[in-house]
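J.: Below you will find the structure I want to go over with you.
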Amino acid sequence: MAFSPIDGIYLTYSTIGIFIFSVFVLLHLQNKSKFYDQPKLKYTPLVSIIVPAWNEENVLSGTLDSINKLNWPRDKLEVIVVNDGSTDKTSEVAKRYGWVKLIEKENGGKASALNAGIKKAQGGFIACIDSDSYPEPDALKYLMPHFEEDGVGAVVATILPKSPKTFIQKLQAIEYTVIAWNRKLLQFIDAIYVTPGALAIYRKDALEKIGNFDEKCITEDIEITWRLQRARYKVRASLNARVYTDVPKTLRVWWKQRLRWHLGGEQTILKHRGAFFDKNKNKVKTFIAPYQISSYIVSILGISTGFYIFARLMYRLILFGSLASKVGLTFKEQTKLFAPVFLPNIFLIFGLLIFTTSIIFTKLATSSVKYEQVSTFSSIKYAIRLLIYVSLYVMIFPFVLIHSLWRLAIRRIDW
Amino acid sequence: MKKLILTAATITATVVLLGLLMGYWMENRRVSSISKEIEDLSIQNNDALLQMAYFETFQTKENFCESVVPTTIDLLRNAIDKGMKLERYETINRLAPGYILEKKKYATILLRLWFNVIQLREICDENYSTIIYLYNHDPINGAEKTRQDIQSRALLELEHVCGKEKILLFALPSDLELTTITLLKKQYNITQVPSIIINEKYVFKGITNYNEIIPYTNCDLNG
């Protein structure tokens with residue numbers, strides 16, 4: 001069989017995969033000694049923590065308990081819970097904590113809740129914490145010194161799943177570790193493109209300068225990072241500062257969450273399409289937008305090719321079925337036709353290469369982030385999870401992307 | 001940043017190039033190995049032909065059939081194995097120049113073996129059946145390939161049901177511009193693939209049920 005266009009697509013994919021792997025491994029090798037570097041804090045500023053909450057009666061107390069344990073002077077900490085029109089007992093839970101300032105408002109979405117909190121905040125630094133996230137006691141101590149560096153607009157913590165129990169949560173534990181490592185590496189080229197809501201701290205004057213959170217965007221944390229980057233603020237990530245968050249327990253909830261992330265990402269790209277024409281040289285223009293758009297194109301092309309191969313196989317199977325009885329073959333005899341040929345060729349070489357690089361990529365991440373829930377997995381169990389993660393889990397994302405693009409096309413952009 | 005991208009691009013180019021070279025080397029090695037095996041087969045075939053010529057020249061029939069028939073049948077089995085190997089190699093080949101030459105050489109060996117077994121069936125009163133299966137080396141589309149695949153599977157099943165000593169299969173590519181195959185197609189008025197010629201007498205054009213073929217062969221399902 002000669003070299004076909006499908007073979008060409010496969011090789012292009014492999015090349016892109018190897019290129020991305022090379023970029024991240026080079027970044028890792030150049031910077032691994034700096035992963036846990038911790039700047040010194042020269043003074044202790046007032047930090048305003050904002051917890052947006054909508055029907056969070058079951059989880060809010062856990063978040064407030066964690067905030068209460070933060071190693072940060074009480075007089076330098078302001079905690080604001082914004083009840084975004086909850087219909088449950090969120091307010092009552094918040095009121096149990098005397099040191100919490102409660103803001104009540106009509107439901108307007110997470111971004112509007114954050115903006116309401118920012119307006120009332122007195123601190124020069126705004127720490128946004130999701131109401132289902134639990135920072136470690138030293139999180140602020142590790143995050144705040146990064147603002148000593150000139151031009152830093154935001155600092156983000158390492159977000160990890162809280163006590164992963166179900167299989168999908170354990171896969172997310174690997175994924176979050178990879179994301180944290182990735183974000184740290186992107187810091188070294190000033191290209192962090194999201195400051196997740198689980199725990200990110202912003203310089204208040206930077207937020208005010210760029211106009212606070214966009215209330216129309218469903219992933220305000222991605223969108224605000226793009227605006228910070230376009231305004232040439234630096235974004236930093238700390239591997240020392242950790243925050244644990246509740247992650248979806250089932251595939252259905254997981255899908256819904258990822259759909260929102262993708263939709264928000266697409267909304268952000270559309271909103272910032274003008275970044276390509278920015279007069280100032282910023283990372284959205286030179287790296288983030290091209291990287292995001294090309295990753296979407298690669299995913300769509302990949303899934304289209306996959307569908308084409310699948311459709312071709314189905315057509316062949318149907319044809320086989322209809323012809324097999326014509327030539328007198330039984331089902332068992334037909335199956336012999338599909339015996340795979342196990343001989344090494346260019347496909348196998350590149351397939352193995354991509355598989356190996358994916359394993360190395362994930363292993364580098366898990367060994368760099370040192371998340372106990374991942375590193376304490378017994379070796380066989382961990383190996384199985386790792387295999388499933390690199391071969392199946394990451395394959396679901398293009399399908400989520402297609403779903404999100406469909407939702408974007410029909411303008412169903414909601415939570 | 002520029003330096004990072006350039007270094008990554010250089011690493012990528014090197015790895016991809018090495019991968020391509022390795023793939024090319026592996027596939028070329030397979031072409032060479034099958035080419036050598038077909039060359040060996042050709043020598044064995046010539047040897048079998050010489051064996052027949054020997055008996056003809058010295059006008060002796062003593063031990064002729066006992067000697068020549070098993071040699072020729074073994075040779076045919078060996079050739080079929082090589083043909084399947086060639087098929088497998090071709091399926092996964094992506095970079096090597098291709099197997100057309102090997103396929104042509106292989107087809108000519110099969111054709112010579114076909115003539116041999118026809119002759120031997122007459123001389124030695126053998127009761128095997130010959131089945132010529134004509135297919136396209138380059139099917140025009142996926143549907144044609146599927147039809148060919150399924151027909152060849154059905155013929156292998158026929159061989160399995162009747163026994164390898166009763167059915168001698170000759171799978172020949174009809175589109176490789178080999179004169180003998182062109183003559184064969186003309187003689188039997190074959191204009192489509194897959195087509196089947198049984199014992200040089202019966203022709204089946206298009207997809208054929210192997211149970212329909214059985215009565216035209218020497219296959220005895222009860223025996």
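Labels for the structure tokens follow display order: chains A, B, ..., residues from 1 in each chain, ligands from 1.
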Quick one: residues within 8 Å of segment 166-168 of chain B, only C-alpha atoms, excluding same-chain residues fewer than 2 positions away - as a list in words?

T.: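 Those residues are Asn127, Tyr128, Ser129, Thr130, Ile131, Leu158, Glu159, Cys162, Gly163, Lys164, Phe170, Thr217, Asn218 and Cys219 of chain B.
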
J.: Restricting the output to N, CA and C atoms, write the selected residues as a JSON list (two decimals), in the first residue's frame.

T.:
[["chain", "number", "residue", "atom", "x", "y", "z"],
["B", 127, "ASN", "N", -5.69, -36.44, -9.38],
["B", 127, "ASN", "CA", -7.08, -35.94, -9.38],
["B", 127, "ASN", "C", -7.26, -34.65, -8.56],
["B", 128, "TYR", "N", -6.29, -33.79, -8.61],
["B", 128, "TYR", "CA", -6.46, -32.49, -7.98],
["B", 128, "TYR", "C", -7.11, -31.53, -8.98],
["B", 129, "SER", "N", -7.65, -30.45, -8.43],
["B", 129, "SER", "CA", -8.25, -29.42, -9.28],
["B", 129, "SER", "C", -7.41, -28.16, -9.20],
["B", 130, "THR", "N", -7.30, -27.49, -10.33],
["B", 130, "THR", "CA", -6.58, -26.21, -10.31],
["B", 130, "THR", "C", -7.61, -25.08, -10.31],
["B", 131, "ILE", "N", -7.34, -24.10, -9.51],
["B", 131, "ILE", "CA", -8.23, -22.93, -9.49],
["B", 131, "ILE", "C", -7.38, -21.67, -9.68],
["B", 158, "LEU", "N", -12.50, -22.96, 0.78],
["B", 158, "LEU", "CA", -12.73, -24.10, -0.12],
["B", 158, "LEU", "C", -11.53, -25.07, -0.05],
["B", 159, "GLU", "N", -10.35, -24.49, -0.08],
["B", 159, "GLU", "CA", -9.12, -25.29, 0.02],
["B", 159, "GLU", "C", -9.09, -26.05, 1.35],
["B", 162, "CYS", "N", -11.94, -28.87, 1.26],
["B", 162, "CYS", "CA", -11.66, -30.00, 0.34],
["B", 162, "CYS", "C", -10.31, -30.66, 0.59],
["B", 163, "GLY", "N", -9.41, -29.94, 1.19],
["B", 163, "GLY", "CA", -8.08, -30.48, 1.43],
["B", 163, "GLY", "C", -7.08, -29.89, 0.45],
["B", 164, "LYS", "N", -5.89, -29.62, 0.95],
["B", 164, "LYS", "CA", -4.89, -28.93, 0.12],
["B", 164, "LYS", "C", -4.40, -29.80, -1.03],
["B", 170, "PHE", "N", -4.20, -20.76, -7.44],
["B", 170, "PHE", "CA", -3.23, -19.87, -8.08],
["B", 170, "PHE", "C", -3.83, -18.47, -8.12],
["B", 217, "THR", "N", -15.17, -29.09, -9.15],
["B", 217, "THR", "CA", -13.81, -29.52, -8.78],
["B", 217, "THR", "C", -13.82, -31.02, -8.48],
["B", 218, "ASN", "N", -12.66, -31.55, -8.15],
["B", 218, "ASN", "CA", -12.59, -32.97, -7.77],
["B", 218, "ASN", "C", -12.74, -33.14, -6.27],
["B", 219, "CYS", "N", -13.27, -32.15, -5.65],
["B", 219, "CYS", "CA", -13.43, -32.19, -4.20],
["B", 219, "CYS", "C", -14.56, -33.16, -3.83]]

J.: Give me, as a list in words, the contact residues of chain B against chain A at a cut-off of 6 Å, counting only C-alpha atoms.

T.: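 Contact residues on the first chain: Ala8, Thr12, Gly23, Glu90, Thr91, Asn93, Arg94, Thr208, Asn209 and Tyr210 of chain B.
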
J.: Limited to C-alpha atoms, could you put the picked residues into a file as a short mmCIF file (atom, residue, chain, number, x, y, z; two decimals), in the first residue's frame?

T.:
data_model
loop_
_atom_site.label_atom_id
_atom_site.label_comp_id
_atom_site.auth_asym_id
_atom_site.auth_seq_id
_atom_site.Cartn_x
_atom_site.Cartn_y
_atom_site.Cartn_z
CA ALA B 8 12.61 22.12 19.67
CA THR B 12 11.68 17.32 16.14
CA GLY B 23 10.97 2.92 8.70
CA GLU B 90 2.65 -4.94 0.85
CA THR B 91 -0.21 -4.14 3.21
CA ASN B 93 4.48 -0.92 3.23
CA ARG B 94 4.47 2.88 3.24
CA THR B 208 -18.93 -16.54 -6.27
CA ASN B 209 -20.12 -18.76 -3.46
CA TYR B 210 -17.51 -21.44 -2.82
#

J.: Give me the residues within 10 Å of Leu76 of chain B as a list in words, counting only C-alpha atoms and dropping any in the same chain fewer than 2 places off.

T.: Leu41, Asn45, Pro70, Thr71, Thr72, Ile73, Asp74, Asn78, Ala79, Ile80, Asp81, Lys82, Ile109, Leu110, Leu113, Trp114, Val117, Leu168, Leu169 and Phe170 of chain B

J.: Could you give me the residues within segment 138-375 of chain A that DSSP places in alpha helix (DSSP H), as an MDAnalysis selection string?

T.: chainID A and resid 139:143 167:187 204:210 220:230 251:271 283 289:327 331:335 346:369 372:375

J.: List every residue of segment 68-132 of chain A that DSSP, applied to the backbone of this structure, places in strand (DSSP E), and write the result as a PyMOL selection string.

T.: chain A and resi 77-84+100-105+125-128

J.: Which of these, B:Ala143, B:Asn189, B:Lys85, B:Leu134, has the shortest distance to Arg30 of chain B once you count only C-alpha atoms?

T.: B:Lys85

J.: Would you mind listing what lies within 10 Å of Thr286 of chain A as a PyMOL selection string, with only C-alpha atoms counted and same-chain residues fewer than 6 positions away left out?

T.: chain A and resi 191+275-276+278

J.: Using only C-alpha atoms, which of B:Leu18, B:Ile207, B:Ile214, B:Ile132 sits nearest Lys185 of chain B?

T.: B:Ile132

J.: I'd like the contact shell of Val243 of chain A - 9 Å cut-off, only C-alpha atoms, skipping same-chain residues fewer than 5 positions apart - returned as a VMD selection string.

T.: chain A and resid 133 to 136 139 157 to 162 198 to 199

J.: Which one of B:Thr182, B:Glu144, B:Lys205, B:Leu75 sits closest to Asp40 of chain B if you count only C-alpha atoms?

T.: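 Looking at the shortest contact to Asp40 of chain B, the residue is B:Leu75.
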
J.: Pick out the closest residue to Tyr43 of chain A from this set: A:Asp221, A:Asp214, A:Glu148, A:Glu266. Count only C-alpha atoms.

T.: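 When distances to Tyr43 of chain A are compared using only C-alpha atoms, the smallest one comes from A:Glu148.
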